[in-house]
>>> print(open('work_31.cif').read())   # mmCIF, C-alpha atoms and all ligand atoms
data_upload
#
loop_
_atom_site.label_atom_id
_atom_site.label_comp_id
_atom_site.auth_asym_id
_atom_site.auth_seq_id
_atom_site.Cartn_x
_atom_site.Cartn_y
_atom_site.Cartn_z
CA MET O 22 -17.68 3.32 -25.59
CA SER O 23 -21.07 4.70 -24.84
CA ARG O 24 -21.60 7.35 -22.24
CA ARG O 25 -23.06 5.68 -19.19
CA ARG O 26 -24.92 7.52 -16.53
CA GLY O 27 -24.96 6.42 -12.95
CA ARG O 28 -25.89 7.47 -9.47
CA ALA O 29 -23.32 8.70 -7.03
CA ASP O 30 -24.14 7.10 -3.69
CA ARG O 31 -24.11 10.36 -1.77
CA ALA O 32 -25.81 13.52 -2.88
CA GLU O 33 -23.10 15.73 -1.37
CA ARG O 34 -20.27 14.46 -3.57
CA PRO O 35 -18.58 17.41 -5.29
CA SER O 36 -19.92 18.12 -8.75
CA CYS O 37 -16.55 17.46 -10.42
CA ILE O 38 -16.83 13.83 -9.43
CA GLN O 39 -20.36 13.12 -10.52
CA PRO O 40 -20.44 10.33 -13.11
CA GLU O 41 -21.81 12.80 -15.66
CA GLY O 42 -18.52 14.65 -15.52
CA SER O 43 -16.41 11.53 -15.73
CA ARG O 44 -16.30 10.94 -19.45
CA VAL O 45 -14.01 12.83 -21.81
CA ALA O 46 -14.24 12.13 -25.54
CA ARG O 47 -11.13 12.61 -27.69
CA SER O 48 -9.48 10.88 -30.58
CA LYS O 49 -6.89 8.29 -29.70
CA GLU O 50 -3.33 8.47 -30.91
CA SER O 51 -0.90 6.92 -28.49
CA ILE O 52 -0.91 6.13 -24.83
CA ASP O 53 1.67 8.03 -22.84
CA LEU O 54 1.43 5.82 -19.79
CA ASP O 55 4.76 7.00 -18.39
CA GLY O 56 3.72 10.64 -18.67
CA PHE O 57 0.38 9.92 -17.00
CA ARG O 58 2.12 7.91 -14.28
CA ALA O 59 4.54 10.78 -13.60
CA VAL O 60 1.74 13.38 -13.32
CA LEU O 61 -0.23 11.16 -10.95
CA ALA O 62 2.82 10.31 -8.86
CA SER O 63 3.51 14.02 -8.41
CA GLU O 64 0.05 14.24 -6.78
CA GLY O 65 0.76 11.26 -4.51
CA PHE O 66 -1.03 8.57 -6.53
CA ASP O 67 1.82 6.12 -6.80
CA ILE O 68 -0.16 3.14 -8.07
CA THR O 69 -0.98 3.24 -11.78
CA HIS O 70 -1.63 -0.29 -12.97
CA PRO O 71 -2.79 -1.02 -16.55
CA LEU O 72 -5.03 -3.95 -17.45
CA ASN O 73 -7.22 -5.33 -20.20
CA THR O 74 -10.88 -4.80 -19.24
CA SER O 75 -11.62 -8.31 -20.57
CA TRP O 76 -9.59 -9.78 -17.69
CA TYR O 77 -11.96 -8.16 -15.20
CA ASN O 78 -15.06 -9.02 -17.21
CA SER O 79 -14.19 -12.73 -17.46
CA TYR O 80 -13.23 -12.83 -13.80
CA ILE O 81 -16.48 -11.36 -12.49
CA GLU O 82 -18.44 -13.57 -14.85
CA LYS O 83 -16.60 -16.69 -13.70
CA GLU O 84 -17.14 -15.74 -10.04
CA GLY O 85 -20.80 -14.97 -10.72
CA LEU O 86 -20.51 -11.54 -9.11
CA PRO O 87 -23.43 -9.12 -9.35
CA LEU O 88 -21.35 -6.52 -11.20
CA LYS O 89 -21.72 -4.86 -14.59
CA PRO O 90 -18.80 -5.59 -16.96
CA LEU O 91 -16.57 -2.74 -18.07
CA PRO O 92 -16.53 -1.84 -21.80
CA ASN O 93 -14.90 -4.95 -23.24
CA GLY O 94 -11.50 -5.06 -24.98
CA ALA O 95 -10.15 -1.74 -23.77
CA VAL O 96 -7.21 -0.54 -21.72
CA ALA O 97 -8.06 0.27 -18.12
CA ILE O 98 -5.83 1.76 -15.46
CA LEU O 99 -6.30 1.08 -11.77
CA ILE O 100 -5.23 4.15 -9.82
CA GLY O 101 -4.40 4.07 -6.14
CA ASN O 102 -2.08 5.32 -3.47
CA SER O 103 0.08 4.36 -0.56
CA ARG O 104 0.92 6.79 2.26
CA ALA O 105 2.59 8.95 -0.43
CA MET O 106 -0.73 10.70 -1.06
CA TRP O 107 -1.11 12.22 2.42
CA PRO O 108 1.45 15.09 2.25
CA LYS O 109 0.23 15.99 -1.27
CA PHE O 110 -3.34 16.07 -0.02
CA LEU O 111 -2.36 18.37 2.86
CA ALA O 112 -0.44 20.64 0.47
CA TRP O 113 -3.52 20.84 -1.80
CA LEU O 114 -5.70 21.68 1.20
CA GLY O 115 -3.29 24.44 2.19
CA ARG O 116 -3.49 25.85 -1.34
CA GLN O 117 -7.31 25.83 -1.20
CA VAL O 118 -7.21 27.92 1.94
CA GLU O 119 -4.61 30.31 0.48
CA ALA O 120 -6.26 30.66 -2.94
CA LYS O 121 -9.64 31.40 -1.45
CA GLY O 122 -8.15 33.72 1.13
CA VAL O 123 -10.24 32.09 3.80
CA SER O 124 -9.43 30.91 7.28
CA PRO O 125 -8.54 27.25 7.71
CA GLU O 126 -11.90 26.89 9.43
CA PHE O 127 -13.21 26.69 5.86
CA ILE O 128 -11.90 23.10 5.79
CA ARG O 129 -13.93 22.33 8.84
CA PHE O 130 -17.24 23.53 7.57
CA LYS O 131 -17.42 24.39 3.89
CA ILE O 132 -15.43 22.12 1.60
CA PRO O 133 -17.31 18.93 0.55
CA ASP O 134 -15.57 15.63 1.44
CA PRO O 135 -12.00 17.00 1.11
CA LEU O 136 -10.24 13.76 0.24
CA ASP O 137 -12.76 12.74 -2.42
CA THR O 138 -12.63 16.25 -3.86
CA PHE O 139 -8.84 16.17 -3.99
CA THR O 140 -8.61 12.70 -5.55
CA ALA O 141 -11.31 13.35 -8.11
CA THR O 142 -9.91 16.73 -9.10
CA ALA O 143 -6.31 15.55 -9.32
CA ILE O 144 -7.08 12.33 -11.21
CA ALA O 145 -9.48 13.93 -13.68
CA ARG O 146 -6.99 16.73 -14.35
CA ALA O 147 -4.09 14.30 -14.80
CA ALA O 148 -6.13 12.22 -17.26
CA SER O 149 -7.14 15.27 -19.28
CA SER O 150 -3.65 16.74 -19.38
CA ALA O 151 -1.52 13.63 -19.90
CA LEU O 152 -3.71 11.41 -22.07
CA THR O 153 -4.88 12.02 -25.61
CA GLU O 154 -7.47 9.23 -25.59
CA GLY O 155 -11.12 9.56 -24.70
CA HIS O 156 -11.67 8.08 -21.28
CA GLU O 157 -14.15 7.31 -18.58
CA LEU O 158 -13.47 7.36 -14.85
CA TYR O 159 -15.13 5.02 -12.38
CA TRP O 160 -14.89 6.03 -8.72
CA PRO O 161 -14.88 3.69 -5.71
CA TRP O 162 -18.02 5.25 -4.26
CA GLU O 163 -20.18 4.63 -7.30
CA THR O 164 -23.04 2.18 -7.03
CA GLY O 165 -25.52 0.32 -9.25
CA ASP O 166 -24.42 -0.23 -12.84
CA ARG O 167 -21.31 1.86 -12.28
CA LEU O 168 -20.01 -0.10 -9.32
CA VAL O 169 -16.55 -1.50 -10.08
CA SER O 170 -15.00 -3.80 -7.50
CA MET O 171 -11.58 -2.21 -7.14
CA GLN O 172 -10.26 -5.19 -5.20
CA ARG O 173 -11.29 -7.56 -7.99
CA VAL O 174 -9.59 -5.32 -10.54
CA ALA O 175 -6.41 -5.46 -8.43
CA VAL O 176 -6.60 -9.25 -8.15
CA CYS O 177 -7.36 -10.17 -11.76
CA SER O 178 -4.62 -7.87 -13.07
CA GLY O 179 -1.90 -9.34 -10.86
CA LEU O 180 -1.46 -6.27 -8.65
CA CYS O 181 -2.55 -7.64 -5.26
CA TYR O 182 -3.23 -10.77 -3.32
CA HIS O 183 -6.73 -10.88 -1.83
CA ASP O 184 -7.34 -12.36 1.59
CA SER O 185 -10.93 -13.46 1.21
CA GLU O 186 -11.40 -14.13 4.92
CA THR O 187 -10.66 -10.56 5.96
CA GLN O 188 -11.48 -8.85 2.66
CA GLN O 189 -8.16 -7.08 2.28
CA ALA O 190 -6.27 -6.58 -0.95
CA ILE O 191 -2.58 -6.93 -0.12
CA HIS O 192 0.16 -5.47 -2.27
CA PRO O 193 3.63 -7.10 -2.44
CA GLU O 194 5.32 -3.81 -1.48
CA PHE O 195 2.72 -1.75 0.39
CA GLY O 196 0.98 -4.65 2.14
CA ALA O 197 -2.46 -3.61 3.40
CA TRP O 198 -1.48 0.08 3.33
CA LEU O 199 -3.00 1.15 0.04
CA ALA O 200 -6.31 2.48 -1.23
CA PHE O 201 -7.89 2.44 -4.67
CA ARG O 202 -9.09 5.74 -6.06
CA ALA O 203 -10.36 5.12 -9.59
CA VAL O 204 -10.51 2.84 -12.58
CA LEU O 205 -9.91 4.73 -15.79
CA VAL O 206 -11.13 3.09 -19.01
CA LEU O 207 -9.55 4.37 -22.21
CA ASP O 208 -10.87 4.47 -25.76
CA ALA O 209 -7.90 2.34 -26.79
CA PRO O 210 -7.39 -1.35 -27.50
CA PRO O 211 -5.29 -3.39 -25.05
CA ALA O 212 -2.56 -3.78 -27.68
CA ALA O 213 -1.88 -0.03 -27.41
CA CYS O 214 -0.44 -0.84 -23.99
CA SER O 215 1.02 -4.23 -24.99
CA LEU O 216 -1.65 -6.01 -22.97
CA GLY O 217 -2.58 -9.48 -24.19
CA LEU O 218 -5.83 -11.39 -23.98
CA GLU O 219 -4.57 -13.65 -21.25
CA ALA O 220 -4.50 -12.20 -17.75
CA PRO O 221 -1.15 -12.30 -15.90
CA SER O 222 -0.70 -14.80 -13.09
CA ARG O 223 -2.23 -13.79 -9.80
CA VAL O 224 -0.18 -12.65 -6.83
CA GLY O 225 0.32 -15.62 -4.50
CA CYS O 226 -0.56 -15.65 -0.81
CA LEU O 227 1.36 -12.92 1.07
CA MET O 228 0.38 -13.97 4.58
CA THR O 229 1.66 -16.72 6.83
CA ASP O 230 -0.75 -19.05 8.60
CA ALA O 231 -0.07 -17.23 11.86
CA GLU O 232 -0.87 -13.86 10.27
CA LYS O 233 -4.08 -15.31 8.83
CA ALA O 234 -5.15 -16.61 12.21
CA ALA O 235 -4.39 -13.25 13.85
CA ALA O 236 -6.27 -11.42 11.09
CA ARG O 237 -9.29 -13.71 11.51
CA ALA O 238 -9.39 -12.91 15.23
CA ALA O 239 -8.94 -9.19 14.53
CA MET O 240 -11.77 -9.26 11.97
CA ALA O 241 -14.10 -10.92 14.47
CA ALA O 242 -13.14 -8.32 17.07
CA ALA O 243 -13.67 -5.46 14.61
CA LEU O 244 -17.09 -6.79 13.66
CA ARG O 245 -17.98 -7.10 17.34
CA ALA O 246 -16.85 -3.51 17.95
CA SER O 247 -18.83 -2.26 14.96
CA ASP O 248 -22.50 -1.84 14.49
CA GLU O 249 -22.93 -4.76 12.08
CA ALA O 250 -26.35 -3.65 10.93
CA ASN O 251 -24.90 -0.34 9.74
CA LEU O 252 -21.44 -1.32 8.50
CA CYS O 253 -21.64 0.68 5.27
CA THR O 254 -22.54 4.00 6.86
CA GLN O 255 -20.18 3.38 9.75
CA LEU O 256 -17.14 2.29 7.71
CA HIS O 257 -17.51 4.22 4.46
CA GLY O 258 -20.05 6.86 5.40
CA GLU O 259 -19.62 10.60 5.73
CA LYS O 260 -19.44 10.43 9.49
CA GLY O 261 -16.58 7.93 10.01
CA MET O 262 -15.95 5.63 12.92
CA GLU O 263 -15.77 5.97 16.67
CA ARG O 264 -12.25 5.65 18.11
CA ASP O 265 -12.60 2.05 19.38
CA VAL O 266 -14.11 0.89 16.12
CA ARG O 267 -11.36 2.57 14.16
CA LEU O 268 -8.63 0.95 16.24
CA ALA O 269 -10.29 -2.42 15.80
CA TRP O 270 -10.30 -2.12 11.99
CA ALA O 271 -6.76 -0.75 11.91
CA ALA O 272 -5.63 -3.77 13.97
CA LEU O 273 -6.76 -5.96 11.09
CA ARG O 274 -4.35 -4.25 8.72
CA ASP O 275 -1.62 -4.49 11.33
CA CYS O 276 -1.80 -8.30 11.18
CA VAL O 277 -0.16 -8.24 7.75
CA GLU O 278 3.64 -8.24 8.01
CA VAL O 279 4.46 -7.39 4.41
CA GLY O 280 4.49 -3.63 3.78
CA LYS O 281 4.50 -2.70 7.47
CA THR O 282 7.01 0.09 6.84
CA HIS O 283 4.34 1.71 4.66
CA ARG O 284 1.86 2.00 7.53
CA TYR O 285 -0.08 5.27 7.36
CA SER O 286 0.92 7.99 9.81
CA ASP O 287 -1.35 8.35 12.83
CA ALA O 288 -2.94 11.47 11.37
CA GLN O 289 -3.66 9.79 8.02
CA LEU O 290 -5.02 6.67 9.66
CA THR O 291 -7.21 8.59 12.07
CA TYR O 292 -8.57 10.81 9.32
CA HIS O 293 -9.32 7.95 6.93
CA TYR O 294 -11.27 6.09 9.59
CA THR O 295 -12.98 8.95 11.42
CA LYS O 296 -13.26 11.62 8.69
CA GLU O 297 -12.91 14.04 11.58
CA ARG O 298 -12.09 17.46 10.14
CA THR O 299 -10.40 18.68 13.29
CA VAL O 300 -7.84 15.90 12.69
CA LEU O 301 -7.31 17.29 9.20
CA LEU O 302 -6.88 20.84 10.47
CA ALA O 303 -4.32 19.73 13.05
CA ALA O 304 -2.40 17.76 10.38
CA LEU O 305 -2.49 20.76 8.04
CA ARG O 306 -1.15 23.11 10.70
CA GLU O 307 1.57 20.64 11.61
CA SER O 308 2.63 20.19 7.98
CA GLN O 309 2.63 23.95 7.40
CA GLY O 310 4.67 24.42 10.58
CA ALA O 311 7.15 21.78 9.41
CA SER O 312 7.50 23.31 5.96
CA SER O 313 7.99 26.86 7.26
CA ALA O 314 10.58 25.52 9.75
CA ASN O 315 12.31 23.85 6.79
CA ASN O 316 12.17 27.10 4.84
CA ARG O 317 13.60 29.01 7.78
CA ARG O 318 16.34 26.41 8.15
CA SER O 319 17.27 26.62 4.51
CA GLU O 320 17.07 30.42 4.61
CA GLY O 321 19.32 30.28 7.67
CA MET O 322 21.67 27.98 5.84
CA SER O 323 21.82 30.23 2.83
CA GLU O 324 22.32 33.28 5.04
CA GLY O 325 25.19 31.48 6.76
CA LEU O 326 26.56 30.47 3.40
CA SER O 327 26.34 33.96 1.95
CA GLY O 328 27.93 35.33 5.14
CA ARG O 329 30.85 32.96 4.71
CA LEU O 330 31.05 33.81 1.01
CA SER O 331 31.20 37.55 1.75
CA ILE O 332 34.05 37.01 4.23
CA ALA O 333 35.92 34.90 1.69
CA LEU O 334 35.31 37.52 -1.01
CA ALA O 335 36.42 40.35 1.24
CA LEU O 336 39.55 38.44 2.22
CA GLY O 337 40.20 37.65 -1.42
CA LEU O 338 40.01 41.36 -2.31
CA LEU O 339 41.84 42.66 0.74
CA LEU O 340 44.71 40.23 0.77
CA PRO O 341 46.34 41.47 -2.47
CA LEU O 342 45.97 45.08 -1.24
CA VAL O 343 47.64 44.26 2.06
CA LEU O 344 50.39 42.36 0.25
CA ALA O 345 50.92 45.28 -2.16
CA LEU O 346 51.12 47.68 0.78
CA VAL O 347 53.64 45.50 2.61
CA HIS O 348 55.59 45.11 -0.60
CA SER O 349 55.73 48.88 -1.24
CA LEU O 350 56.73 49.52 2.38
CA ILE O 351 59.58 47.01 2.09
CA ALA O 352 60.58 48.34 -1.32
CA GLY O 353 60.43 51.91 -0.02
CA ARG O 354 62.83 51.10 2.83
C1 LIG X 401 -19.10 -1.93 0.16
C2 LIG X 401 -17.70 -1.78 0.68
C3 LIG X 401 -17.46 -2.11 2.01
C4 LIG X 401 -18.52 -2.74 2.88
C5 LIG X 401 -18.63 -4.23 2.56
C6 LIG X 401 -19.91 -4.79 3.13
C7 LIG X 401 -20.59 -5.77 2.23
N1 LIG X 401 -20.38 -7.03 2.44
O1 LIG X 401 -21.24 -5.29 1.33
C8 LIG X 401 -17.99 -2.39 4.31
C9 LIG X 401 -18.69 -1.11 4.72
C10 LIG X 401 -18.15 -3.42 5.40
C11 LIG X 401 -16.53 -2.07 4.04
C12 LIG X 401 -15.61 -1.93 5.03
C13 LIG X 401 -14.32 -1.49 4.85
N2 LIG X 401 -13.75 -1.16 3.72
CO1 LIG X 401 -14.68 -1.29 2.03
N3 LIG X 401 -15.45 -1.09 0.33
C14 LIG X 401 -16.64 -1.29 -0.14
C15 LIG X 401 -16.73 -0.83 -1.60
C16 LIG X 401 -17.30 0.59 -1.61
C17 LIG X 401 -17.54 -1.66 -2.56
C18 LIG X 401 -17.27 -3.17 -2.46
C19 LIG X 401 -18.31 -3.89 -3.27
O2 LIG X 401 -19.49 -3.79 -3.04
N4 LIG X 401 -17.88 -4.61 -4.29
C20 LIG X 401 -18.79 -5.27 -5.18
C21 LIG X 401 -18.84 -6.79 -4.89
C22 LIG X 401 -19.86 -7.52 -5.72
O3 LIG X 401 -17.56 -7.23 -5.24
P1 LIG X 401 -16.66 -7.95 -4.16
O4 LIG X 401 -15.27 -7.86 -4.62
O5 LIG X 401 -17.15 -9.31 -3.92
O6 LIG X 401 -16.91 -7.03 -2.90
C23 LIG X 401 -17.09 -7.51 -1.63
C24 LIG X 401 -15.87 -7.25 -0.81
O7 LIG X 401 -15.36 -5.99 -1.12
C25 LIG X 401 -16.48 -7.34 0.56
N5 LIG X 401 -15.88 -6.51 1.58
C26 LIG X 401 -15.04 -5.49 1.47
N6 LIG X 401 -14.72 -5.03 2.65
C27 LIG X 401 -15.39 -5.75 3.55
C28 LIG X 401 -15.42 -5.64 4.90
C29 LIG X 401 -16.25 -6.50 5.61
C30 LIG X 401 -16.29 -6.37 7.07
C31 LIG X 401 -17.02 -7.47 4.92
C32 LIG X 401 -17.89 -8.37 5.67
C33 LIG X 401 -16.96 -7.56 3.54
C34 LIG X 401 -16.14 -6.69 2.88
O8 LIG X 401 -17.85 -6.97 0.45
C35 LIG X 401 -18.13 -6.71 -0.90
C36 LIG X 401 -19.57 -7.04 -1.21
O9 LIG X 401 -19.84 -8.37 -0.91
C37 LIG X 401 -15.21 -0.85 -2.00
C38 LIG X 401 -14.85 0.15 -3.11
C39 LIG X 401 -15.00 -0.49 -4.45
N7 LIG X 401 -15.73 0.14 -5.34
O10 LIG X 401 -14.46 -1.54 -4.72
C40 LIG X 401 -14.54 -0.54 -0.67
C41 LIG X 401 -13.17 -1.15 -0.31
C42 LIG X 401 -13.21 -2.62 -0.63
N8 LIG X 401 -13.09 -0.96 1.14
C43 LIG X 401 -11.94 -0.64 1.55
C44 LIG X 401 -11.60 -0.38 2.91
C45 LIG X 401 -10.20 0.15 3.19
C46 LIG X 401 -12.52 -0.62 3.92
C47 LIG X 401 -12.35 -0.33 5.42
C48 LIG X 401 -10.97 -0.55 6.03
C49 LIG X 401 -12.94 1.05 5.78
C50 LIG X 401 -12.16 2.30 5.56
N9 LIG X 401 -12.82 3.36 5.87
O11 LIG X 401 -11.04 2.39 5.18
C51 LIG X 401 -13.40 -1.28 6.04
C52 LIG X 401 -12.90 -2.57 6.59
C53 LIG X 401 -12.46 -3.53 5.51
C54 LIG X 401 -11.54 -4.57 5.99
N10 LIG X 401 -11.66 -5.78 5.51
O12 LIG X 401 -10.68 -4.29 6.78
C55 LIG X 401 -10.93 -0.56 0.42
C56 LIG X 401 -10.04 -1.81 0.41
C57 LIG X 401 -8.59 -1.48 0.15
C58 LIG X 401 -7.77 -2.73 0.21
N11 LIG X 401 -6.48 -2.58 0.41
O13 LIG X 401 -8.27 -3.82 0.05
C59 LIG X 401 -11.87 -0.41 -0.82
C60 LIG X 401 -11.35 -1.01 -2.11
C61 LIG X 401 -12.10 1.11 -0.97
C62 LIG X 401 -10.91 1.89 -1.47
N12 LIG X 401 -11.17 3.11 -1.86
O14 LIG X 401 -9.78 1.49 -1.52
N13 LIG X 401 -16.31 -1.88 2.74
#
>>> encode(input="work_31.cif", output="structure tokens", more="lines below")
Ligand code: B12
Amino acid sequence: MSRRRGRADRAERPSCIQPEGSRVARSKESIDLDGFRAVLASEGFDITHPLNTSWYNSYIEKEGLPLKPLPNGAVAILIGNSRAMWPKFLAWLGRQVEAKGVSPEFIRFKIPDPLDTFTATAIARAASSALTEGHELYWPWETGDRLVSMQRVAVCSGLCYHDSETQQAIHPEFGAWLAFRAVLVLDAPPAACSLGLEAPSRVGCLMTDAEKAAARAAMAAALRASDEANLCTQLHGEKGMERDVRLAWAALRDCVEVGKTHRYSDAQLTYHYTKERTVLLAALRESQGASSANNRRSEGMSEGLSGRLSIALALGLLLPLVLALVHSLIAGR
């Protein structure tokens, strides 16, 4: 696999996620997919889906898409997350503030795109620590020759159904409530992961006709609410969306019944759509408040427990003494 250089679409992306830093060369021995999956899951990335890069390459060729193929005949892993990532992300943010000994205001002003920094750091570290193979990471924000259509990867590998009218990849468990974070291509043949040449069957339609009709209407409404000429900067840009626009796009996801229990929390949803750092700060404070309340509760519980234990211990020690005293009094009578 040759080292490919590419442009990141925004100059302010953190350096650890520049394409130049994405390739790690090592000799291949065996693929510890379970180990890698476990490390990623512990960071909140609960979607780790292997595929043969040839499945994607034939698919984009057949569809005539203007995309560059991935290195052919290799194992790739599509990495994504459901709502599971949010608390891990907040915990990481809290650690950044603690480790740097700065005020949480640091999150507001200094750290480059916090979510992209977290995902890129966590995924690159997991790949380096849990995999022995050389690998290359492709990020969702990359453009030009390095653009990989994450939705197409999910479709051709049998992970998601794709609703082409509303452009949503829908997962059988998480519904519309998932995001893709990277495609990792390994210096390993598909057989190393028991992946054949033939792609698995696609996920069938996961929406009813009524849901499709509602989603069509919601899409039209979202497009009306948005600035169509500037969709890319408005929907994926650094600035995020206005409240009405955000609600309109979220309504589109809400049309899908499957996976509704995995809907993002309000804080996660608002942050993803607006990228508003004050939302992040509030969520961080709330999560820290909740975890210190939990700590206090468990400290309280253990204090209560140790109190009860001391009483039991004292009674256990005193009782024989009292009995001996009573016994000697009776005997002495
Ligand atoms: C460009 C892009 C967009 C553009 C698409 C405009 C256009 N026609 O070019 C715009 C800015 C409109 C957009 C919007 C959104 N996107 Co978008 N987008 C991407 C991105 C970065 C690249 C897609 C691409 O160019 N593929 C290459 C082409 C050749 O392949 P393709 O499969 O045919 O891609 C087409 C479709 O993806 C389609 N498309 C995707 N979303 C939308 C939305 C609209 C309104 C339209 C008209 C078309 C469209 O346009 C692409 C180009 O034709 C991907 C990340 C990635 N690398 O895959 C995320 C991605 C597709 N987007 C995503 C999301 C979540 C959104 C938003 C909800 C915004 C947000 N902040 O969360 C909105 C609304 C989407 C919706 N349907 O609800 C997710 C989808 C997750 C999922 N479950 O399917 C992705 C995979 C990013 C991620 N990290 O997970 N997006």
>>> residues_near_ligand(input="work_31.cif", ligand="ligand LIG 401 (chain X)", cutoff="6 Å", atoms="all atoms listed in the file", output="list in words")
Leu86, Pro87, Leu88, Pro161, Trp162, Leu168, Val169, Ser170, Met171, Gln172, Arg173, Thr187, Gln188, Gln189, Ala190, Ile191, Ala197, Leu199, Ala200, Phe201, Arg202, Leu252, Cys253, Leu256, His257, Trp270, His293 and Tyr294 of chain O
>>> write_last_selection(input="work_31.cif", atoms="C-alpha atoms", output="short mmCIF file (atom, residue, chain, number, x, y, z; two decimals), in the frame of the given file")
data_model
loop_
_atom_site.label_atom_id
_atom_site.label_comp_id
_atom_site.auth_asym_id
_atom_site.auth_seq_id
_atom_site.Cartn_x
_atom_site.Cartn_y
_atom_site.Cartn_z
CA LEU O 86 -20.51 -11.54 -9.11
CA PRO O 87 -23.43 -9.12 -9.35
CA LEU O 88 -21.35 -6.52 -11.20
CA PRO O 161 -14.88 3.69 -5.71
CA TRP O 162 -18.02 5.25 -4.26
CA LEU O 168 -20.01 -0.10 -9.32
CA VAL O 169 -16.55 -1.50 -10.08
CA SER O 170 -15.00 -3.80 -7.50
CA MET O 171 -11.58 -2.21 -7.14
CA GLN O 172 -10.26 -5.19 -5.20
CA ARG O 173 -11.29 -7.56 -7.99
CA THR O 187 -10.66 -10.56 5.96
CA GLN O 188 -11.48 -8.85 2.66
CA GLN O 189 -8.16 -7.08 2.28
CA ALA O 190 -6.27 -6.58 -0.95
CA ILE O 191 -2.58 -6.93 -0.12
CA ALA O 197 -2.46 -3.61 3.40
CA LEU O 199 -3.00 1.15 0.04
CA ALA O 200 -6.31 2.48 -1.23
CA PHE O 201 -7.89 2.44 -4.67
CA ARG O 202 -9.09 5.74 -6.06
CA LEU O 252 -21.44 -1.32 8.50
CA CYS O 253 -21.64 0.68 5.27
CA LEU O 256 -17.14 2.29 7.71
CA HIS O 257 -17.51 4.22 4.46
CA TRP O 270 -10.30 -2.12 11.99
CA HIS O 293 -9.32 7.95 6.93
CA TYR O 294 -11.27 6.09 9.59
#
>>> closest_residue(input="work_31.cif", among="O:Val176, O:Ala241, O:Ala303, O:Ala145", to="Leu205 in chain O", atoms="all atoms listed in the file")
O:Ala145
>>> atom_distance(input="work_31.cif", atom1="CA of Ile132 in chain O", atom2="CA of Gly65 in chain O")
20.4 Å
>>> atom_distance(input="work_31.cif", atom1="CA of Ala239 in chain O", atom2="CA of Ala272 in chain O")
6.4 Å
>>> closest_residue(input="work_31.cif", among="O:Ala209, O:Gly85, O:His192, O:Gln289", to="Met106 in chain O", atoms="all atoms listed in the file")
O:Gln289
>>> atom_distance(input="work_31.cif", atom1="CA of Phe57 in chain O", atom2="CA of Glu157 in chain O")
14.8 Å
>>> closest_residue(input="work_31.cif", among="O:Ile68, O:Ala213, O:Ala95, O:Leu218", to="Phe195 in chain O", atoms="all atoms listed in the file")
O:Ile68
>>> residues_around(input="work_31.cif", residues="range 227-236 of chain O", least_positions_apart="4", cutoff="9 Å", atoms="only C-alpha atoms", output="PyMOL selection string")
chain O and resi 182-184+186-187+191-193+196+240-241+272-279
>>> closest_residue(input="work_31.cif", among="O:Leu216, O:Ser79, O:Ala97, O:Leu91", to="Asp166 in chain O", atoms="only C-alpha atoms")
O:Leu91
>>> residues_around(input="work_31.cif", residues="Phe66 in chain O", least_positions_apart="2", cutoff="7 Å", atoms="all atoms listed in the file", output="mmCIF file with C-alpha atoms, keeping the file's coordinate frame")
data_model
loop_
_atom_site.group_PDB
_atom_site.id
_atom_site.type_symbol
_atom_site.label_atom_id
_atom_site.label_comp_id
_atom_site.auth_asym_id
_atom_site.auth_seq_id
_atom_site.Cartn_x
_atom_site.Cartn_y
_atom_site.Cartn_z
ATOM 1 C CA LEU O 61 -0.230 11.160 -10.950
ATOM 2 C CA ALA O 62 2.820 10.310 -8.860
ATOM 3 C CA GLU O 64 0.050 14.240 -6.780
ATOM 4 C CA ILE O 68 -0.160 3.140 -8.070
ATOM 5 C CA ILE O 100 -5.230 4.150 -9.820
ATOM 6 C CA GLY O 101 -4.400 4.070 -6.140
ATOM 7 C CA ASN O 102 -2.080 5.320 -3.470
ATOM 8 C CA MET O 106 -0.730 10.700 -1.060
#
>>> residues_around(input="work_31.cif", residues="Pro211 in chain O", least_positions_apart="5", cutoff="8 Å", atoms="only C-alpha atoms", output="list in words")
Leu72, Asn73, Gly94, Ala95, Val96, Leu216 and Gly217 of chain O
>>> residues_around(input="work_31.cif", residues="Leu301 in chain O", least_positions_apart="6", cutoff="10 Å", atoms="all atoms listed in the file", output="PyMOL selection string")
chain O and resi 111+114+128-129+135+288-289+291-293+307
>>> closest_residue(input="work_31.cif", among="O:Trp76, O:Asp134, O:Val174, O:Asp265", to="Ala242 in chain O", atoms="all atoms listed in the file")
O:Asp265
